[in-house]
Amino acid sequence: MACRLLTRSAAARLVSHLRRTPGPTQRLLAPRAALSSLLGSTDGLPHAADSTLRVPARWFSSPSTDAVAEAPVTADGLTVDSIASKGWTILPEAESDWRSHAAAVAQSIKLIKKRLKWGWILERTKQLSVVLERPDLWEDPVFAGMVSREHGELMGKIKSVNQFEQELIEHIEMLRLAREENDNELETESMGDLADMRRNAKEKELNALLSGDNDSCSCFIEVQAGAGGTESMDWAAMVMNMYRSWAQRRGYTVTVVEEMPGEVAGIKRATIKVDGEYAFGYAKAEVGVHRLVRISPFDSGKRRHTSFSAVAVIPILGDASSRYQIKDSDLRIERFRSGGPGGQHANTTESAIRIVHIPTGISATCQNERSQHMNKASAMAVLQSRLDQLEIARQAQMNAEHTQSLNEISWGNQIRSYVLHPYRMVKDLRTNYEVSDPDSVLEGDLDDFILNYLSSALDEADVSK
Amino acid sequence: MAMLAFSSNAFLRPNPPGPHLRRLLLPKPLSSAAALTPPTPQADPTGGSNPDPDPTPLFLRPASHRVPAAALAAFRLRAAALVPPSAPHLRRHLRWLLADAAANDPASGSDPALLRASLDDLEALWLRHVRGRRPFQYVVGNEHWRDLVVAVREGVLIPRPETEAVVDIVKRVEGFEDGWWADLGTGSGAIAVAVARELGAAGRVFATDVSEVALEVARLNVQRYGVQDKVEIRHGSWFEPLEDVKGKLMGVISNPPYIPNVDLPGLQPEVGWHEPKLALDGGKDGLEHLLHLCEGLSSVLKPGGFFVFETNGDKQSEFLVDLISTKWSSFRNVEAVLDFADIKRFVTGYRR
Ligand SMILES: C[S@@+](CC[C@H](N)C(=O)[O-])C[C@H]1O[C@@H](n2cnc3c(N)ncnc32)[C@H](O)[C@@H]1O
């Protein structure tokens with residue numbers, strides 16, 4: 001017991017030593033730099049704030065509240081970076097080898113930083129801090145709110161990575177100390193902590209895949225049948241089912257917003273709403289054209305057919321300030337009603353609603369609800385998101401970060417191929433990831449495809465920034 | 001508690017539940033359920049106007065029937081087979097019927113399914129809907145109206161989608177939240193409940209009707225939405241029950257019976273055969289009640305008070321706007337307001 005206490009206090013001393021970092025680095029910025037260049041997209045990432053930026057009349061330079069702590073170091077000079085570059089062998093998790101654990105965690109941290117676009121995040125935070133210092137900032141509360149929110153979010157990411165690095169170094173030090181003091185119990189415990197960190201790091205790697213602007217939002221998924229009649233409409237219905245079961249497996253709530261059934265089978269087009277954290281972040285990986293090859297169940301000649309479906313994914317923005325402002329007078333609301341005198345004369349359960357945004361021609365339909373009132377509310381939500389998407393696209397000036405709407409998707413942009421005949425395979429044409437069991441994929445087992453795509457998109461991106 | 005009101009034995013049907021779907025499926029071809037002109041405007045052929053043995057709305061009944069998933073699936077198929085291609089809306093009705101009957105999400109596929117009625121009862125309900133043109137809303141005992149699920153049953157008008165806008169019209173009145181409102185001829189109480197839910201602490205709705213059945217249903221809806229403190233239900237003809245609040249109302253709302261009596265025989269069967277004449281018959285030109293309401297307005301409204309009436313459409317509304325603004329000088333901003341089909345469905349105005 002006493003021994004234990006002693007070790008604990010030794011550990012506490014050690015930790016406090018480690019945390020004594022030499023204060024925030026002061027980075028002064030060139031005073032004459034225009035704000036617009038400071039806050040401009042440094043690497044083409046979209047920013048809702050860009051369009052509202054103004055060059056300040058005057059501003060003060062002051063010590064920025066820089067987030068970046070000095071890299072933590074062990075007593076014998078190890079840093080996370082140096083561990084990562086040592087090339088220590090990474091053994092299976094069950095092996096109690098601290099070097100292996102440490103190397104695995106350090107590699108993960110490196111990957112996480114890359115996925116978060118670390119260099120860009122640091123730069124952006126620095127710029128935002130400068131803006132936050134402006135004395136006249138809160139004269140425009142909407143802009144100020146946007147800046148401080150973004151700053152807060154980025155700081156959160158930076159802090160959580162920094163803490164993780166700190167933790168790694170602490171555990172290594174603790175282990176060394178335990179060995180020096182021949183404290184077997186503490187050694188086992190620290191080894192366990194390192195192994196835990198390794199598992200934790202894997203999870204963080206995944207989370208870092210979903211660190212885009214709107215990734216945490218709920219979303220709409222839209223599927224549209226390609227040319228080819230019933231054949232394609234049936235395929236579109238299969239694709240829609242695939243997403244419904246995928247979403248349900250992930251614990252998301254799925255509601256059908258709009259569905260245009262095909263004359264014989266399947267759907268011409270449908271929209272579902274997928275509610276839940278990171279629904280957009282995952283689903284955006286599915287945007288594009290999905291191709292099916294099979295023996296047609298509709299062809300009496302049993303010939304092989306190729307069908308196409310287009311998939312679009314729209315984030316449902318949570319933050320009102322970045323949303324497209326819809327004017328009531330720009331809307332035309334259509335109800336599907338038979339003519340006639342209506343009112344007390346008629347009994348109907350037809351409650352479908354279509355709302356057209358006249359200036360853009362964008363429209364939304366909802367028929368899932370049992371009252372017109374509710375269908376109108378749902379259709380408005382879809383319309384709002386479609387217009388938001390347009391706005392995001394406008395602000396991002398068509399760079400790669402926005403997801404395409406159905407109209408924008410070209411039928412040539414095939415992302416995945418599902419072959420049921422003459423062999424069985426699903427292959428992602430972007431990552432070349434493939435599986436030989438189309439049934440499970442069509443039943444919603446999509447996560448591997450999605451994660452593969454997300455990681456390849458981020459990990460292979462240019463990291464010069 | 002409120003449901004007790006519905007379990008009166010007087011409604012018990014003398015005959016056992018209707019014949020089984022399977023038998024019906026066999027020989028005789030079904031006449032289209034969607035044909036708009038019925039052969040004869042008698043009561044429906046499969047059960048007369050007898051209400052259900054249990055008049056509690058289906059969706060409020062206890063889920064006390066365990067039904068094997070396979071039996072439910074078979075029912076679904078048999079029921080769907082009764083839907084003629086000319087009546088695709090019945091597909092959606094079947095889906096909703098099963099959704100209302102099920103205690104758990106029908107999509108979850110639990111086995112056994114927990115239902116609020118036996119399959120025999122559901123068959124009987126479905127038949128009376130498909131063959132007897134009994135309105136779907138009476139079958140399930142509710143109408144989804146605005147964001148509410150309004151309980152309804154035979155004897156009470158099913159709230160119409162056009163009427164949803166009345167609540168929005170009321171909400172545009174400055175300071176409406178804290179006023180006293182009257183909903184005359186409240187029927188199911190749909191308007192009264194929806195308005196009450198928008199009111200502030202001082203706001204109140206007096207909901208009146210001459211029909212006891214209507215008031216019973218309105219009471220149930222008021223309770224289901226917990227607006228007892230805001231809605232006061234009163235029995236009587238038009239302004240009669242409002243003697244004590246004369247000159248104190250911020251607004252009068254009414255969707256009175258407005259169908260010209262000559263139009264009554266030609267109504268769609270769901271309406272003409274099944275909904276109460278008391279709720280539809282507007283007398284000569286459909287204006288009888290509307291005129292009476294216009295006459296009484298200025299005595300119950302406080303100065304600056306607002307009114308909104310639903311009408312039969314363009315001709316009635318134009319007539320009323322003209323009448324109110326020329327006959328009396330006591331009203332201003334009298335106008336006809338369009339419904340979603342661009343029909344002049346409402347007349348609104350303010351007392352000077
Ligand atoms: C068209 S329904 C409207 C029901 C309900 N307000 C709605 O919008 O769904 C007309 C209502 O007026 C009631 N009514 C008929 N004559 C009445 C009278 N003389 N006094 C009060 N209410 C009356 C009927 O019972 C019926 O409920």
# chains A, B, ... in the order shown; residues from 1 in each chain; ligands from 1
call {"tool": "residues_near_ligand", "arguments": {"ligand": "ligand 1", "cutoff": "9 Å", "atoms": "only C-alpha atoms and all ligand atoms", "output": "JSON, numbers by chain"}}
result
{"A": [343, 344], "B": [155, 156, 157, 158, 159, 160, 163, 164, 166, 183, 184, 185, 186, 187, 188, 189, 190, 191, 192, 207, 208, 209, 210, 211, 212, 213, 214, 215, 235, 236, 237, 238, 239, 240, 253, 254, 255, 256, 257, 258, 259, 276, 277, 278, 279, 280, 281, 282, 289, 310]}
call {"tool": "interface_residues", "arguments": {"of": "chain A", "to": "chain B", "cutoff": "9 Å", "atoms": "only C-alpha atoms", "output": "list in words"}}
result
Ile333, Glu334, Arg335, Arg337, Gly339, Pro341, Gly342, Gly343, Gln344, His345, Ala346, Asn347, Thr348, Thr349, Glu350, Ser351, Glu369, Arg370, Ser371, Gln372, His373 and Met374 of chain A
call {"tool": "write_last_selection", "arguments": {"atoms": "C-alpha atoms", "output": "PDB file, in the first residue's frame"}}
result
ATOM      1  CA  ILE A 333     -46.814  25.392 -53.356  1.00  0.00           C
ATOM      2  CA  GLU A 334     -48.632  22.713 -55.303  1.00  0.00           C
ATOM      3  CA  ARG A 335     -50.980  20.180 -53.791  1.00  0.00           C
ATOM      4  CA  ARG A 337     -55.778  17.535 -55.652  1.00  0.00           C
ATOM      5  CA  GLY A 339     -60.481  19.653 -58.988  1.00  0.00           C
ATOM      6  CA  PRO A 341     -65.357  22.357 -54.967  1.00  0.00           C
ATOM      7  CA  GLY A 342     -63.248  20.844 -52.146  1.00  0.00           C
ATOM      8  CA  GLY A 343     -63.843  21.771 -48.514  1.00  0.00           C
ATOM      9  CA  GLN A 344     -66.835  20.060 -46.959  1.00  0.00           C
ATOM     10  CA  HIS A 345     -67.735  18.447 -50.313  1.00  0.00           C
ATOM     11  CA  ALA A 346     -64.725  16.195 -50.467  1.00  0.00           C
ATOM     12  CA  ASN A 347     -63.163  13.366 -48.586  1.00  0.00           C
ATOM     13  CA  THR A 348     -59.580  12.760 -49.527  1.00  0.00           C
ATOM     14  CA  THR A 349     -56.476  11.350 -47.935  1.00  0.00           C
ATOM     15  CA  GLU A 350     -54.211  12.659 -50.682  1.00  0.00           C
ATOM     16  CA  SER A 351     -51.774  14.876 -48.864  1.00  0.00           C
ATOM     17  CA  GLU A 369     -46.964  12.151 -44.042  1.00  0.00           C
ATOM     18  CA  ARG A 370     -50.680  11.787 -43.545  1.00  0.00           C
ATOM     19  CA  SER A 371     -51.477  15.505 -43.311  1.00  0.00           C
ATOM     20  CA  GLN A 372     -50.751  18.232 -45.833  1.00  0.00           C
ATOM     21  CA  HIS A 373     -49.387  20.393 -43.084  1.00  0.00           C
ATOM     22  CA  MET A 374     -46.727  17.833 -42.191  1.00  0.00           C
TER      23      MET A 374
END
call {"tool": "select_by_dssp", "arguments": {"residues": "range 130-320 of chain B", "states": "strand (DSSP E or B)", "output": "PyMOL selection string"}}
result
chain B and resi 142-145+148-151+180-184+204-209+231-235+249-254+259+281+301-310
call {"tool": "atom_distance", "arguments": {"atom1": "CA of Leu116 in chain A", "atom2": "CA of Ala104 in chain A"}}
result
18.3 Å
call {"tool": "select_by_dssp", "arguments": {"residues": "range 113-255 of chain A", "states": "helix (DSSP H, G or I)", "output": "PyMOL selection string"}}
result
chain A and resi 113-115+118-132+137-139+141-180+184-209+229-249
call {"tool": "atom_distance", "arguments": {"atom1": "CA of Leu168 in chain A", "atom2": "CA of Asp459 in chain A"}}
result
23.0 Å
call {"tool": "atom_distance", "arguments": {"atom1": "CA of Gly226 in chain B", "atom2": "CA of Asp244 in chain B"}}
result
24.9 Å
call {"tool": "residues_around", "arguments": {"residues": "Trp180 in chain B", "least_positions_apart": "3", "cutoff": "6 Å", "atoms": "only C-alpha atoms", "output": "NGL selection string"}}
result
:B and (203-205 or 249-250)
call {"tool": "write_last_selection", "arguments": {"atoms": "all heavy atoms", "output": "PDB file, in the first residue's frame"}}
result
ATOM      1  N   GLY B 203     -54.508  33.237 -23.044  1.00  0.00           N
ATOM      2  CA  GLY B 203     -55.364  32.852 -24.166  1.00  0.00           C
ATOM      3  C   GLY B 203     -56.348  31.758 -23.793  1.00  0.00           C
ATOM      4  O   GLY B 203     -56.108  30.949 -22.895  1.00  0.00           O
ATOM      5  N   ARG B 204     -57.480  31.744 -24.517  1.00  0.00           N
ATOM      6  CA  ARG B 204     -58.538  30.798 -24.207  1.00  0.00           C
ATOM      7  C   ARG B 204     -59.358  30.540 -25.461  1.00  0.00           C
ATOM      8  O   ARG B 204     -59.479  31.422 -26.316  1.00  0.00           O
ATOM      9  CB  ARG B 204     -59.457  31.463 -23.180  1.00  0.00           C
ATOM     10  CG  ARG B 204     -59.878  30.624 -22.021  1.00  0.00           C
ATOM     11  CD  ARG B 204     -60.467  31.534 -20.955  1.00  0.00           C
ATOM     12  NE  ARG B 204     -61.250  30.858 -19.942  1.00  0.00           N
ATOM     13  CZ  ARG B 204     -61.106  29.607 -19.530  1.00  0.00           C
ATOM     14  NH1 ARG B 204     -60.228  28.839 -20.080  1.00  0.00           N
ATOM     15  NH2 ARG B 204     -61.865  29.117 -18.571  1.00  0.00           N
ATOM     16  N   VAL B 205     -59.938  29.345 -25.589  1.00  0.00           N
ATOM     17  CA  VAL B 205     -60.846  29.071 -26.699  1.00  0.00           C
ATOM     18  C   VAL B 205     -62.163  28.536 -26.150  1.00  0.00           C
ATOM     19  O   VAL B 205     -62.154  27.612 -25.326  1.00  0.00           O
ATOM     20  CB  VAL B 205     -60.287  27.999 -27.670  1.00  0.00           C
ATOM     21  CG1 VAL B 205     -61.221  27.849 -28.874  1.00  0.00           C
ATOM     22  CG2 VAL B 205     -58.893  28.345 -28.145  1.00  0.00           C
ATOM     23  N   LEU B 249     -64.516  38.953 -26.945  1.00  0.00           N
ATOM     24  CA  LEU B 249     -63.728  38.009 -27.755  1.00  0.00           C
ATOM     25  C   LEU B 249     -62.751  38.731 -28.681  1.00  0.00           C
ATOM     26  O   LEU B 249     -63.110  39.689 -29.356  1.00  0.00           O
ATOM     27  CB  LEU B 249     -64.664  37.127 -28.584  1.00  0.00           C
ATOM     28  CG  LEU B 249     -65.570  36.177 -27.801  1.00  0.00           C
ATOM     29  CD1 LEU B 249     -66.428  35.355 -28.756  1.00  0.00           C
ATOM     30  CD2 LEU B 249     -64.740  35.252 -26.903  1.00  0.00           C
ATOM     31  N   MET B 250     -61.520  38.234 -28.706  1.00  0.00           N
ATOM     32  CA  MET B 250     -60.552  38.739 -29.670  1.00  0.00           C
ATOM     33  C   MET B 250     -60.841  38.172 -31.052  1.00  0.00           C
ATOM     34  O   MET B 250     -60.533  38.789 -32.058  1.00  0.00           O
ATOM     35  CB  MET B 250     -59.145  38.340 -29.253  1.00  0.00           C
ATOM     36  CG  MET B 250     -58.155  38.392 -30.406  1.00  0.00           C
ATOM     37  SD  MET B 250     -56.476  38.213 -29.874  1.00  0.00           S
ATOM     38  CE  MET B 250     -56.139  39.850 -29.305  1.00  0.00           C
TER      39      MET B 250
END
call {"tool": "residues_around", "arguments": {"residues": "Glu286 in chain A", "least_positions_apart": "6", "cutoff": "8 Å", "atoms": "only C-alpha atoms", "output": "list in words"}}
result
Val311, Ala312, Val313, Ile415 and Ile450 of chain A
call {"tool": "write_last_selection", "arguments": {"atoms": "N, CA and C atoms", "output": "short mmCIF file (atom, residue, chain, number, x, y, z; two decimals), in the first residue's frame"}}
result
data_model
loop_
_atom_site.label_atom_id
_atom_site.label_comp_id
_atom_site.auth_asym_id
_atom_site.auth_seq_id
_atom_site.Cartn_x
_atom_site.Cartn_y
_atom_site.Cartn_z
N VAL A 311 -26.84 8.47 -57.32
CA VAL A 311 -27.07 8.72 -55.90
C VAL A 311 -26.54 10.11 -55.56
N ALA A 312 -27.38 10.89 -54.87
CA ALA A 312 -26.93 12.19 -54.37
C ALA A 312 -27.17 12.22 -52.87
N VAL A 313 -26.34 12.96 -52.17
CA VAL A 313 -26.46 13.05 -50.71
C VAL A 313 -26.38 14.52 -50.32
N ILE A 415 -19.11 5.12 -59.84
CA ILE A 415 -18.23 4.92 -58.70
C ILE A 415 -18.17 3.46 -58.27
N ILE A 450 -17.34 2.37 -47.67
CA ILE A 450 -17.35 3.78 -47.31
C ILE A 450 -16.02 4.17 -46.64
#
call {"tool": "residues_around", "arguments": {"residues": "Gln107 in chain A", "least_positions_apart": "2", "cutoff": "9 Å", "atoms": "only C-alpha atoms", "output": "JSON, numbers by chain"}}
result
{"A": [80, 81, 83, 84, 85, 102, 103, 104, 105, 109, 110, 111, 112]}
call {"tool": "residues_around", "arguments": {"residues": "Gly412 in chain A", "least_positions_apart": "6", "cutoff": "12 Å", "atoms": "only C-alpha atoms", "output": "list in words"}}
result
Gly226, Gly288, Val289, His290, Arg291, Phe308, Ser309 and Ala310 of chain A
call {"tool": "residues_around", "arguments": {"residues": "range 357-361 of chain A", "least_positions_apart": "4", "cutoff": "7 Å", "atoms": "only C-alpha atoms", "output": "mmCIF file with N, CA and C atoms, in the first residue's frame"}}
result
data_model
loop_
_atom_site.group_PDB
_atom_site.id
_atom_site.type_symbol
_atom_site.label_atom_id
_atom_site.label_comp_id
_atom_site.auth_asym_id
_atom_site.auth_seq_id
_atom_site.Cartn_x
_atom_site.Cartn_y
_atom_site.Cartn_z
ATOM 1 N N ASP A 330 -41.062 33.661 -53.041
ATOM 2 C CA ASP A 330 -40.379 32.919 -54.106
ATOM 3 C C ASP A 330 -40.888 31.488 -54.246
ATOM 4 N N LEU A 331 -41.850 31.134 -53.407
ATOM 5 C CA LEU A 331 -42.286 29.743 -53.409
ATOM 6 C C LEU A 331 -43.622 29.558 -54.119
ATOM 7 N N ARG A 332 -43.731 28.462 -54.841
ATOM 8 C CA ARG A 332 -45.039 28.062 -55.356
ATOM 9 C C ARG A 332 -45.341 26.706 -54.730
#
call {"tool": "closest_residue", "arguments": {"among": "B:Ala113, B:Ala79, B:Leu97, B:Ala151", "to": "Arg131 in chain B", "atoms": "only C-alpha atoms"}}
result
B:Ala79
